[in-house]
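One structure is given here, and the rest of the page talks about it.
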Amino acid sequence: DDDDMDEYDYDDDDDDDDDVGVQSQVARLADIFAAPEHLMFKEGGFEGARTMAKDNKRWLLVNIQRDNEFSSHALNRDVWRDELVENLIREGFIFWQTMDVSPEGKTYIQRYKVGDFPHIAFIDPRTRRLLWRKEGWTQENPLTAESFAEYAMDFCSKYTFDKPPVAPRPGAAKPPPKKKTMREMSEDEQLQAAMRASLEDISPASEGKMEDDDQEVQVLEPPTENGKPRAIEAKEPAEAKEEAKPSLLDELLAMELGEEPAKGARVMIRTPDGKRNVRRFDPSQTVKSIYAHFVQSSDEAKGGKDFILQESGLPPKDLVPDIDQTIEARNLSGAALTLRWKE
């Protein structure tokens, strides 16, 4: 028996431990890159998801994955599990994901002419029309959670279920018939063209400028005792009373925001360059204070460049109507806002 014990290979235990460790690591990686089943519509395939989206007035979000494309797995890890993205999907979309080799995936790829993977699309469930797509990015230039959120918010601000579906673009209009040159015309055609030209020269349309000028004439009443026309005399006192009101930009630049409180309502502004501007405010301050903070910290805004500040969501909500409400009343503590320059 002692000889048997001597022949026992104790290294086998170490090999078993290594196998367990590898399996555990593989399982953790599988969880990290797993499909976001908590967000996905899983019953009825594409048509089931489309019907669900149509009945609930949600847009259909489609994601076609390819197993040997790491960008597909990174999408599961980095985008679909982002908190802001999850909230946007739950509020405005029905999410359908499948693999490119599945029967449903093959049908979709053929119908919508998918060219690369991963593929993401926003589809109008009422018409099955593809309204936006992005596909085939790389890890060197990946699709981030922030960029997807901006795409989704921009899309939902442009399209709405309150309006009829967007009709397909009509075919190109036929070009107008090419006019013949004088050399190509017959004698009769040349005579008719000359008659039309002479009639146009004396037509009322050519005298339209004279008639339009009459609309700009102001008829004044007889002069008053001081010799000034009544229309002018009536305007002068009103104009003298009017005082130039400061613009909103001047008001925002002049606002005193005070020191940033250690505790308070935390607000994040995502700017067009992808940066995040984070500040805490006293909850009793108005929404206008948020506008003032950005204007005072941006050279472009100081110079008068117009912008839109929206609360993230589907659809995004413009904050201008609530500019005089308090941050607490508007429930903006912890809010993520998106700022866009007006075109």
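Order determines the names: the first chain of the structure tokens is A, the second B, and so forth; residues in each chain are numbered 1 upward, and ligands are numbered 1 upward as they are shown.
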
### Query
What lies within 10 Å of A:Val62 using only C-alpha atoms, ignoring chain neighbours under 4 positions off, as a PyMOL selection string?
chain A and resi 40+46+49-50+93-98+108+119-123+130+133

#### Entry: A:Phe307 surroundings by only C-alpha atoms, 12 Å radius, close-in-sequence under 2 positions cut, as a PyMOL selection string
chain A and resi 249+271-272+291+294-295+298+300-305+309-310+318-320+338-343

Taking the chain letters and numbering used in this document, name the residues of stretch 236-330 of chain A that DSSP puts in strand (DSSP E), as a PDB file with C-alpha atoms, in the first residue's frame.
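The resulting file, part-v4.pdb, is shown below:
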```pdb
ATOM      1  CA  ALA A 265     -28.640  68.931  -6.944  1.00  0.00           C
ATOM      2  CA  ARG A 266     -26.051  67.347  -9.240  1.00  0.00           C
ATOM      3  CA  VAL A 267     -26.669  68.143 -12.916  1.00  0.00           C
ATOM      4  CA  MET A 268     -24.659  66.826 -15.866  1.00  0.00           C
ATOM      5  CA  ILE A 269     -24.631  68.620 -19.238  1.00  0.00           C
ATOM      6  CA  ARG A 270     -23.380  66.631 -22.235  1.00  0.00           C
ATOM      7  CA  ARG A 276     -19.485  66.313 -19.686  1.00  0.00           C
ATOM      8  CA  ASN A 277     -20.003  69.472 -17.682  1.00  0.00           C
ATOM      9  CA  VAL A 278     -21.006  68.543 -14.137  1.00  0.00           C
ATOM     10  CA  ARG A 279     -22.019  70.967 -11.371  1.00  0.00           C
ATOM     11  CA  ARG A 280     -24.023  71.010  -8.171  1.00  0.00           C
ATOM     12  CA  PHE A 281     -26.715  73.631  -7.603  1.00  0.00           C
ATOM     13  CA  PHE A 307     -28.253  76.439 -28.241  1.00  0.00           C
ATOM     14  CA  ILE A 308     -30.933  74.026 -27.053  1.00  0.00           C
ATOM     15  CA  LEU A 309     -30.775  72.412 -23.608  1.00  0.00           C
ATOM     16  CA  GLN A 310     -32.846  69.241 -23.271  1.00  0.00           C
ATOM     17  CA  GLU A 311     -33.546  66.737 -20.542  1.00  0.00           C
ATOM     18  CA  LYS A 317     -37.729  67.679 -23.260  1.00  0.00           C
ATOM     19  CA  ASP A 318     -36.748  71.283 -23.928  1.00  0.00           C
TER      20      ASP A 318
END
```

### Message
as a PyMOL selection string, please: the residues near A:Ser289 (cut-off 10 Å, only C-alpha atoms, same-chain neighbours under 5 positions excluded).
### Response
chain A and resi 252+255-257+281-282+294-295+323-324+326-327

Export, as a tab-separated table (two decimals), in the first residue's frame, the selected residues with C-alpha atoms.
```
chain	number	residue	atom	x	y	z
A	252	LEU	CA	-27.60	84.94	-18.07
A	255	MET	CA	-26.49	86.19	-13.04
A	256	GLU	CA	-24.64	85.59	-9.77
A	257	LEU	CA	-24.39	81.84	-9.25
A	281	PHE	CA	-26.72	73.63	-7.60
A	282	ASP	CA	-28.80	74.70	-4.65
A	294	PHE	CA	-23.17	76.97	-19.23
A	295	VAL	CA	-23.23	80.38	-20.90
A	323	ILE	CA	-36.70	78.12	-17.08
A	324	ASP	CA	-38.22	79.98	-14.10
A	326	THR	CA	-36.75	75.74	-9.30
A	327	ILE	CA	-34.43	72.83	-9.92
```

### Task
Would you kindly return, as a PyMOL selection string, each protein, DNA or RNA residue with an atom no farther than 10 Å from any atom of stretch 33-36 of chain A, considering only C-alpha atoms and excluding same-chain residues fewer than 6 positions away?
chain A and resi 65+70+72-81+86+95+97-98

### Residue nearest A:Val85 - candidates A:Ser284, A:Ser147, A:Gln296, A:Gln192, atoms counted: only C-alpha atoms
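Looking at the shortest contact to A:Val85, the residue is A:Ser147.
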